[in-house]
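Structure file structure24.pdb (PDB, C-alpha atoms and all ligand atoms) is printed below.
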```pdb
ATOM      1  CA  MET Z 110       0.000   0.000   0.000  1.00  0.00           C
ATOM      2  CA  ASN Z 111       1.532   3.229  -1.169  1.00  0.00           C
ATOM      3  CA  ARG Z 112      -1.429   5.285  -0.134  1.00  0.00           C
ATOM      4  CA  PRO Z 113      -0.920   7.848   2.658  1.00  0.00           C
ATOM      5  CA  GLN Z 114      -2.597   6.757   5.863  1.00  0.00           C
ATOM      6  CA  PRO Z 115      -4.921   9.823   6.166  1.00  0.00           C
ATOM      7  CA  ILE Z 116      -6.429   9.081   2.741  1.00  0.00           C
ATOM      8  CA  GLU Z 117      -6.822   5.409   3.587  1.00  0.00           C
ATOM      9  CA  ARG Z 118      -8.606   6.432   6.780  1.00  0.00           C
ATOM     10  CA  MET Z 119     -10.987   8.698   4.858  1.00  0.00           C
ATOM     11  CA  ILE Z 120     -11.783   5.888   2.398  1.00  0.00           C
ATOM     12  CA  GLU Z 121     -12.500   3.491   5.258  1.00  0.00           C
ATOM     13  CA  ALA Z 122     -14.842   6.034   6.906  1.00  0.00           C
ATOM     14  CA  ILE Z 123     -16.761   6.778   3.693  1.00  0.00           C
ATOM     15  CA  LYS Z 124     -17.000   3.067   2.857  1.00  0.00           C
ATOM     16  CA  LYS Z 125     -19.232   2.593   5.903  1.00  0.00           C
ATOM     17  CA  MET Z 126     -22.059   4.496   4.139  1.00  0.00           C
ATOM     18  CA  PRO Z 127     -24.858   2.352   2.688  1.00  0.00           C
ATOM     19  CA  GLY Z 128     -24.403   1.391  -0.935  1.00  0.00           C
ATOM     20  CA  ILE Z 129     -20.830   2.683  -1.119  1.00  0.00           C
ATOM     21  CA  GLY Z 130     -18.160   0.177  -2.022  1.00  0.00           C
ATOM     22  CA  TYR Z 131     -14.407   0.612  -1.816  1.00  0.00           C
ATOM     23  CA  LYS Z 132     -14.032   2.063  -5.323  1.00  0.00           C
ATOM     24  CA  MET Z 133     -16.731   4.677  -4.785  1.00  0.00           C
ATOM     25  CA  ALA Z 134     -15.271   5.577  -1.381  1.00  0.00           C
ATOM     26  CA  GLU Z 135     -11.867   5.998  -3.039  1.00  0.00           C
ATOM     27  CA  ARG Z 136     -13.349   8.216  -5.739  1.00  0.00           C
ATOM     28  CA  LEU Z 137     -15.171  10.424  -3.222  1.00  0.00           C
ATOM     29  CA  SER Z 138     -12.065  10.697  -1.029  1.00  0.00           C
ATOM     30  CA  TYR Z 139      -9.880  11.935  -3.879  1.00  0.00           C
ATOM     31  CA  HIS Z 140     -12.658  14.271  -4.956  1.00  0.00           C
ATOM     32  CA  ILE Z 141     -12.878  15.784  -1.465  1.00  0.00           C
ATOM     33  CA  LEU Z 142      -9.111  16.294  -1.465  1.00  0.00           C
ATOM     34  CA  LYS Z 143      -9.417  18.312  -4.666  1.00  0.00           C
ATOM     35  CA  MET Z 144     -12.240  20.488  -3.346  1.00  0.00           C
ATOM     36  CA  SER Z 145     -11.509  24.032  -2.157  1.00  0.00           C
ATOM     37  CA  ALA Z 146     -11.137  24.678   1.583  1.00  0.00           C
ATOM     38  CA  TYR Z 147     -14.452  26.570   1.469  1.00  0.00           C
ATOM     39  CA  GLU Z 148     -16.310  23.674  -0.137  1.00  0.00           C
ATOM     40  CA  VAL Z 149     -14.934  21.223   2.410  1.00  0.00           C
ATOM     41  CA  GLU Z 150     -15.905  23.488   5.306  1.00  0.00           C
ATOM     42  CA  ASN Z 151     -19.364  23.907   3.840  1.00  0.00           C
ATOM     43  CA  LEU Z 152     -19.747  20.125   3.616  1.00  0.00           C
ATOM     44  CA  ILE Z 153     -18.590  19.603   7.193  1.00  0.00           C
ATOM     45  CA  PHE Z 154     -20.865  22.413   8.404  1.00  0.00           C
ATOM     46  CA  ALA Z 155     -23.885  20.968   6.548  1.00  0.00           C
ATOM     47  CA  ILE Z 156     -23.369  17.573   8.213  1.00  0.00           C
ATOM     48  CA  GLU Z 157     -22.804  19.017  11.701  1.00  0.00           C
ATOM     49  CA  ASN Z 158     -25.680  21.478  11.362  1.00  0.00           C
ATOM     50  CA  ALA Z 159     -28.155  18.762  10.337  1.00  0.00           C
ATOM     51  CA  ARG Z 160     -26.910  16.451  13.102  1.00  0.00           C
ATOM     52  CA  GLN Z 161     -27.449  19.222  15.646  1.00  0.00           C
ATOM     53  CA  LYS Z 162     -30.827  20.544  14.490  1.00  0.00           C
ATOM     54  CA  ILE Z 163     -32.659  17.435  13.386  1.00  0.00           C
ATOM     55  CA  LYS Z 164     -34.507  15.323  15.929  1.00  0.00           C
ATOM     56  CA  TYR Z 165     -37.191  12.658  15.874  1.00  0.00           C
ATOM     57  CA  CYS Z 166     -40.784  13.845  16.213  1.00  0.00           C
ATOM     58  CA  SER Z 167     -42.130  12.291  19.426  1.00  0.00           C
ATOM     59  CA  VAL Z 168     -45.479  11.571  17.742  1.00  0.00           C
ATOM     60  CA  CYS Z 169     -44.709  10.216  14.263  1.00  0.00           C
ATOM     61  CA  PHE Z 170     -40.920   9.646  14.547  1.00  0.00           C
ATOM     62  CA  ASN Z 171     -40.235  11.575  11.379  1.00  0.00           C
ATOM     63  CA  MET Z 172     -37.022  13.613  11.374  1.00  0.00           C
ATOM     64  CA  SER Z 173     -37.766  17.263  11.953  1.00  0.00           C
ATOM     65  CA  GLU Z 174     -36.414  20.522  13.372  1.00  0.00           C
ATOM     66  CA  SER Z 175     -39.211  20.482  15.941  1.00  0.00           C
ATOM     67  CA  SER Z 176     -41.060  17.900  18.009  1.00  0.00           C
ATOM     68  CA  PRO Z 177     -43.959  17.477  17.436  1.00  0.00           C
ATOM     69  CA  CYS Z 178     -43.217  18.092  13.761  1.00  0.00           C
ATOM     70  CA  PRO Z 179     -45.167  20.485  11.478  1.00  0.00           C
ATOM     71  CA  ILE Z 180     -47.201  17.594  10.010  1.00  0.00           C
ATOM     72  CA  CYS Z 181     -48.350  16.331  13.419  1.00  0.00           C
ATOM     73  CA  THR Z 182     -49.273  19.848  14.585  1.00  0.00           C
ATOM     74  CA  ASP Z 183     -51.150  20.725  11.370  1.00  0.00           C
ATOM     75  CA  SER Z 184     -54.794  21.040  12.469  1.00  0.00           C
ATOM     76  CA  GLU Z 185     -55.996  20.786   8.856  1.00  0.00           C
ATOM     77  CA  ARG Z 186     -54.905  17.162   8.587  1.00  0.00           C
ATOM     78  CA  ASP Z 187     -57.226  14.179   8.968  1.00  0.00           C
ATOM     79  CA  LYS Z 188     -56.372  12.575  12.300  1.00  0.00           C
ATOM     80  CA  THR Z 189     -58.424   9.447  11.591  1.00  0.00           C
ATOM     81  CA  THR Z 190     -56.071   8.157   8.882  1.00  0.00           C
ATOM     82  CA  LEU Z 191     -52.539   7.029   9.640  1.00  0.00           C
ATOM     83  CA  CYS Z 192     -50.050   6.083   6.937  1.00  0.00           C
ATOM     84  CA  ILE Z 193     -47.351   3.740   8.259  1.00  0.00           C
ATOM     85  CA  VAL Z 194     -43.980   3.892   6.485  1.00  0.00           C
ATOM     86  CA  GLU Z 195     -40.547   2.370   7.070  1.00  0.00           C
ATOM     87  CA  THR Z 196     -38.315   5.445   6.870  1.00  0.00           C
ATOM     88  CA  PRO Z 197     -38.398   9.263   6.934  1.00  0.00           C
ATOM     89  CA  GLN Z 198     -37.490   9.173   3.223  1.00  0.00           C
ATOM     90  CA  ASP Z 199     -40.606   7.092   2.518  1.00  0.00           C
ATOM     91  CA  LEU Z 200     -42.669   9.679   4.409  1.00  0.00           C
ATOM     92  CA  ILE Z 201     -41.260  12.424   2.177  1.00  0.00           C
ATOM     93  CA  ALA Z 202     -42.232  10.397  -0.917  1.00  0.00           C
ATOM     94  CA  VAL Z 203     -45.819   9.856   0.297  1.00  0.00           C
ATOM     95  CA  SER Z 204     -46.123  13.479   1.436  1.00  0.00           C
ATOM     96  CA  GLN Z 205     -45.766  14.593  -2.197  1.00  0.00           C
ATOM     97  CA  VAL Z 206     -49.203  13.134  -2.812  1.00  0.00           C
ATOM     98  CA  LYS Z 207     -51.538  16.105  -2.426  1.00  0.00           C
ATOM     99  CA  ASP Z 208     -54.707  13.989  -2.010  1.00  0.00           C
ATOM    100  CA  TYR Z 209     -53.354  12.329   1.126  1.00  0.00           C
ATOM    101  CA  LYS Z 210     -54.322  14.503   4.093  1.00  0.00           C
ATOM    102  CA  GLY Z 211     -53.846  12.026   6.916  1.00  0.00           C
ATOM    103  CA  LEU Z 212     -51.034  11.639   9.399  1.00  0.00           C
ATOM    104  CA  TYR Z 213     -47.975   9.371   9.463  1.00  0.00           C
ATOM    105  CA  PHE Z 214     -45.993   6.950  11.548  1.00  0.00           C
ATOM    106  CA  VAL Z 215     -42.369   6.032  10.822  1.00  0.00           C
ATOM    107  CA  LEU Z 216     -41.418   2.501  11.894  1.00  0.00           C
ATOM    108  CA  GLY Z 217     -37.682   3.000  11.564  1.00  0.00           C
ATOM    109  CA  GLY Z 218     -37.140  -0.134   9.472  1.00  0.00           C
ATOM    110  CA  ALA Z 219     -38.810  -3.408   8.570  1.00  0.00           C
ATOM    111  CA  LEU Z 220     -38.963  -6.867  10.100  1.00  0.00           C
ATOM    112  CA  SER Z 221     -36.241  -9.089   8.752  1.00  0.00           C
ATOM    113  CA  PRO Z 222     -35.778 -12.499  10.397  1.00  0.00           C
ATOM    114  CA  LEU Z 223     -32.652 -13.144   8.294  1.00  0.00           C
ATOM    115  CA  ASP Z 224     -30.966 -10.029   9.691  1.00  0.00           C
ATOM    116  CA  ALA Z 225     -32.308 -10.765  13.188  1.00  0.00           C
ATOM    117  CA  ILE Z 226     -34.511  -7.662  13.088  1.00  0.00           C
ATOM    118  CA  GLY Z 227     -37.607  -8.470  15.116  1.00  0.00           C
ATOM    119  CA  PRO Z 228     -40.626  -6.559  16.448  1.00  0.00           C
ATOM    120  CA  ASN Z 229     -38.581  -5.046  19.288  1.00  0.00           C
ATOM    121  CA  ASP Z 230     -36.079  -3.523  16.845  1.00  0.00           C
ATOM    122  CA  ILE Z 231     -38.603  -1.286  15.095  1.00  0.00           C
ATOM    123  CA  ARG Z 232     -41.279   1.008  16.595  1.00  0.00           C
ATOM    124  CA  ILE Z 233     -44.155  -1.452  16.843  1.00  0.00           C
ATOM    125  CA  GLU Z 234     -44.762  -0.812  20.533  1.00  0.00           C
ATOM    126  CA  GLN Z 235     -44.910   2.950  19.929  1.00  0.00           C
ATOM    127  CA  LEU Z 236     -47.269   2.381  16.991  1.00  0.00           C
ATOM    128  CA  VAL Z 237     -49.652   0.331  19.122  1.00  0.00           C
ATOM    129  CA  GLU Z 238     -49.569   3.042  21.809  1.00  0.00           C
ATOM    130  CA  ARG Z 239     -50.409   5.636  19.190  1.00  0.00           C
ATOM    131  CA  LEU Z 240     -53.296   3.575  17.806  1.00  0.00           C
ATOM    132  CA  LYS Z 241     -54.670   2.921  21.281  1.00  0.00           C
ATOM    133  CA  GLU Z 242     -55.196   6.668  21.698  1.00  0.00           C
ATOM    134  CA  GLY Z 243     -58.325   5.967  19.689  1.00  0.00           C
ATOM    135  CA  GLU Z 244     -58.375   8.680  17.024  1.00  0.00           C
ATOM    136  CA  VAL Z 245     -57.167   6.544  14.131  1.00  0.00           C
ATOM    137  CA  LYS Z 246     -59.914   4.726  12.207  1.00  0.00           C
ATOM    138  CA  GLU Z 247     -57.823   3.503   9.274  1.00  0.00           C
ATOM    139  CA  ALA Z 248     -54.174   2.456   9.155  1.00  0.00           C
ATOM    140  CA  ILE Z 249     -52.677   2.484   5.666  1.00  0.00           C
ATOM    141  CA  ILE Z 250     -49.622   0.239   5.575  1.00  0.00           C
ATOM    142  CA  ALA Z 251     -47.129   1.732   3.135  1.00  0.00           C
ATOM    143  CA  THR Z 252     -44.117  -0.446   3.820  1.00  0.00           C
ATOM    144  CA  ASP Z 253     -41.919  -1.393   0.848  1.00  0.00           C
ATOM    145  CA  THR Z 254     -43.077  -4.099  -1.553  1.00  0.00           C
ATOM    146  CA  ASP Z 255     -39.980  -6.268  -0.987  1.00  0.00           C
ATOM    147  CA  SER Z 256     -40.113  -9.366   1.239  1.00  0.00           C
ATOM    148  CA  LYS Z 257     -39.193  -7.444   4.412  1.00  0.00           C
ATOM    149  CA  GLY Z 258     -41.897  -4.867   3.742  1.00  0.00           C
ATOM    150  CA  GLU Z 259     -44.498  -7.566   3.033  1.00  0.00           C
ATOM    151  CA  THR Z 260     -43.536  -9.514   6.167  1.00  0.00           C
ATOM    152  CA  THR Z 261     -43.889  -6.316   8.193  1.00  0.00           C
ATOM    153  CA  ALA Z 262     -47.257  -5.481   6.591  1.00  0.00           C
ATOM    154  CA  LEU Z 263     -48.700  -8.911   7.446  1.00  0.00           C
ATOM    155  CA  TYR Z 264     -47.394  -8.719  10.992  1.00  0.00           C
ATOM    156  CA  LEU Z 265     -48.790  -5.215  11.522  1.00  0.00           C
ATOM    157  CA  ALA Z 266     -52.159  -6.086   9.974  1.00  0.00           C
ATOM    158  CA  GLU Z 267     -52.726  -8.811  12.570  1.00  0.00           C
ATOM    159  CA  ILE Z 268     -51.909  -6.511  15.472  1.00  0.00           C
ATOM    160  CA  ILE Z 269     -53.885  -3.532  14.175  1.00  0.00           C
ATOM    161  CA  LYS Z 270     -56.993  -5.557  13.357  1.00  0.00           C
ATOM    162  CA  GLU Z 271     -57.101  -6.702  16.981  1.00  0.00           C
ATOM    163  CA  LEU Z 272     -57.488  -3.039  17.923  1.00  0.00           C
ATOM    164  CA  ASN Z 273     -60.618  -2.872  15.726  1.00  0.00           C
ATOM    165  CA  ILE Z 274     -59.013  -0.449  13.307  1.00  0.00           C
ATOM    166  CA  LYS Z 275     -59.414  -0.852   9.543  1.00  0.00           C
ATOM    167  CA  VAL Z 276     -56.141  -1.891   7.881  1.00  0.00           C
ATOM    168  CA  THR Z 277     -55.361  -1.210   4.241  1.00  0.00           C
ATOM    169  CA  ARG Z 278     -52.326  -1.834   2.054  1.00  0.00           C
ATOM    170  CA  LEU Z 279     -51.272   0.218  -0.942  1.00  0.00           C
ATOM    171  CA  GLY Z 280     -52.741  -1.230  -4.141  1.00  0.00           C
ATOM    172  CA  TYR Z 281     -51.818  -1.390  -7.794  1.00  0.00           C
ATOM    173  CA  GLY Z 282     -48.929   0.296  -9.511  1.00  0.00           C
ATOM    174  CA  LEU Z 283     -46.067  -0.054  -7.071  1.00  0.00           C
ATOM    175  CA  PRO Z 284     -43.335  -2.237  -8.540  1.00  0.00           C
ATOM    176  CA  VAL Z 285     -42.940  -5.530  -6.670  1.00  0.00           C
ATOM    177  CA  GLY Z 286     -39.755  -5.568  -4.610  1.00  0.00           C
ATOM    178  CA  GLY Z 287     -39.613  -1.784  -4.726  1.00  0.00           C
ATOM    179  CA  ASP Z 288     -38.863   0.924  -2.222  1.00  0.00           C
ATOM    180  CA  ILE Z 289     -41.603   3.521  -1.611  1.00  0.00           C
ATOM    181  CA  GLU Z 290     -38.858   6.133  -1.385  1.00  0.00           C
ATOM    182  CA  TYR Z 291     -38.118   5.806  -5.113  1.00  0.00           C
ATOM    183  CA  ALA Z 292     -41.705   5.687  -6.358  1.00  0.00           C
ATOM    184  CA  ASP Z 293     -42.985   8.845  -8.033  1.00  0.00           C
ATOM    185  CA  GLU Z 294     -45.910  10.949  -6.857  1.00  0.00           C
ATOM    186  CA  VAL Z 295     -48.376   9.686  -9.491  1.00  0.00           C
ATOM    187  CA  THR Z 296     -47.588   6.036  -8.692  1.00  0.00           C
ATOM    188  CA  ILE Z 297     -47.991   6.536  -4.946  1.00  0.00           C
ATOM    189  CA  SER Z 298     -51.155   8.572  -5.464  1.00  0.00           C
ATOM    190  CA  ARG Z 299     -52.709   5.729  -7.514  1.00  0.00           C
ATOM    191  CA  ALA Z 300     -51.518   3.143  -4.999  1.00  0.00           C
ATOM    192  CA  ILE Z 301     -53.218   5.048  -2.165  1.00  0.00           C
ATOM    193  CA  ALA Z 302     -56.418   5.518  -4.166  1.00  0.00           C
ATOM    194  CA  GLY Z 303     -56.434   1.782  -4.971  1.00  0.00           C
ATOM    195  CA  ARG Z 304     -55.610   0.630  -1.445  1.00  0.00           C
ATOM    196  CA  LYS Z 305     -57.110  -2.667  -0.362  1.00  0.00           C
ATOM    197  CA  GLU Z 306     -58.339  -3.850   2.980  1.00  0.00           C
ATOM    198  CA  MET Z 307     -56.103  -6.487   4.536  1.00  0.00           C
TER     199      MET Z 307
HETATM  200 ZN    ZN W 401     -44.585  14.188  13.629  1.00  0.00          ZN
END
```

Just give me the structure as structure tokens.
Amino acid sequence: MNRPQPIERMIEAIKKMPGIGYKMAERLSYHILKMSAYEVENLIFAIENARQKIKYCSVCFNMSESSPCPICTDSERDKTTLCIVETPQDLIAVSQVKDYKGLYFVLGGALSPLDAIGPNDIRIEQLVERLKEGEVKEAIIATDTDSKGETTALYLAEIIKELNIKVTRLGYGLPVGGDIEYADEVTISRAIAGRKEM
């Protein structure tokens, strides 16, 4: 290895990001080294600033500058409908759909027996607490359409039905095995409109 240790260290740190392999981490590291001092400071500031200011909403567990977040405190929204998503990015994707006026709940992942991620590793307990408050009449499960998302949807449906709350799952149009985060507004809008009772 002829590479200076500080560069190697940067590559190793960047490689820990999801979806980034060694080659990409190497490319980004050399790119950062060529950036101006101002650009690098701006990047570091952006990361630190977001880390400092962003927190989890205590109601929906979305990431926000305030808790409760602006969606949860919006009195215009329909409090009887709750859309359950895996991640804050999924919430952003669904929130582009103008026809959806309900509220949200972010699970913080999906059940995955193969990765040893069980019900206690995502926010199922908090979801049940939220539903027991009694305002929600319909829970729309908008987990991903991959096997983890489907497993989670089936698991949640059983629990939610026991609370006498209607459970629906997004319908047609979403690609099988897909991530809600990457679906476009029109697709999600149709999937919500065509939701089916579980
Ligand atoms: Zn919230």

Check your understanding: If we count all atoms listed in the file, what is near Val206 in chain Z at a cut-off of 12 Å, once residues fewer than 4 positions away on the same chain are taken out, given as a list in words?
Key ->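 Selected residues are Asp199, Leu200, Ile201, Ala202, Lys210, Gly211, Ala292, Asp293, Glu294, Val295, Thr296, Ile297, Ser298, Arg299, Ala300, Ile301 and Ala302 of chain Z.
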
Review point. Please, which residues have at least one atom within 6 Å of an atom of ligand ZN 401 (chain W), using only C-alpha atoms and all ligand atoms, listed as a PyMOL selection string?
Key: chain Z and resi 166+168-171+177-178+180-181

Box dimensions and centre (Å, one decimal) enclosing range 261-276 of chain Z, axis-aligned, 8 Å extra per side, as AutoDock Vina command-line options:
```
--center_x -52.3 --center_y -4.7 --center_z 12.3 --size_x 32.7 --size_y 24.5 --size_z 27.3
```

Review point. Do you know which residues are at most 6 Å from Gly280 in chain Z counting only C-alpha atoms, after dropping those on the same chain fewer than 5 positions away, and could you put them as a list in words?
Key: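 Here the qualifying residues turn out to be Ala300, Gly303, Arg304 and Lys305 of chain Z.
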
Practice item. Could you tell me which of Z:Ile233, Z:Val276, Z:Val194, Z:Leu263 comes closest to Glu290 in chain Z if we count only C-alpha atoms? Key: Z:Val194

Exercise for review: Give me, please, the distance in Å between CA of Met133 in chain Z and CA of Met119 in chain Z, quoted to one decimal.
Suggested key: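 A separation of 11.9 Å between them.
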
Review point. By how many Å are CA of Thr252 in chain Z and CA of Ile163 in chain Z apart?
Key: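 These two atoms are separated by 23.3 Å.
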
Exercise for review: Would you kindly translate the PyMOL selection byres (((chain Z and resi 212-224) around 6) and not hetatm) into the concrete residues it picks from this file, as a list in words?
Suggested key: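 Selected by the PyMOL selection byres (((chain Z and resi 212-224) around 6) and not hetatm) here: Cys169, Phe170, Asn171, Leu191, Cys192, Ile193, Val194, Glu195, Thr196, Gly211, Ala225, Ile226, Gly227, Ile231, Arg232, Lys257, Gly258 and Thr261 of chain Z.
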
Point to revise | Test item: the PyMOL selection byres (((chain Z and resi 137) around 12) and not hetatm) resolved as an NGL selection string | key: :Z and (116-117 or 119-124 or 126 or 129-136 or 138-144)

Exercise for review: For the structure shown, which residues end up in the PyMOL selection byres (((chain Z and resi 266) around 12) and not hetatm)? Put them as a PyMOL selection string, please?
Suggested key: chain Z and resi 193+233+237+247-252+259-265+267-278+305-307

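Atom pair CA of Met172 in chain Z / CA of Ala159 in chain Z has a distance of 10.3 Å (rounded to one decimal).
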
Revision key, fill the gap. Among Z:Lys162, Z:Arg112, Z:Arg118, Z:Lys188, Ser176 in chain Z is approached most closely, using only C-alpha atoms, by Z:Lys162

Check your understanding: Between Z:Thr189, Z:Ser184, Z:Gln161, Z:Val149, which has the minimum distance to Lys246 in chain Z (counting all atoms listed in the file)?
Key ->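 Closest to Lys246 in chain Z of all the choices is Z:Thr189.
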
Point to revise | Nearest residue to Pro197 in chain Z from the set Z:Asp230, Z:Ile153, Z:Pro113, Z:Tyr165 (distances using all atoms listed in the file) | key: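 Under the stated criterion, the closest residue is Z:Tyr165.
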
Point to revise | Ref. answer, residues at most 6 Å from (-42.3, 0.7, -2.0) with only C-alpha atoms, as a PyMOL selection string | key: chain Z and resi 253-254+287-289
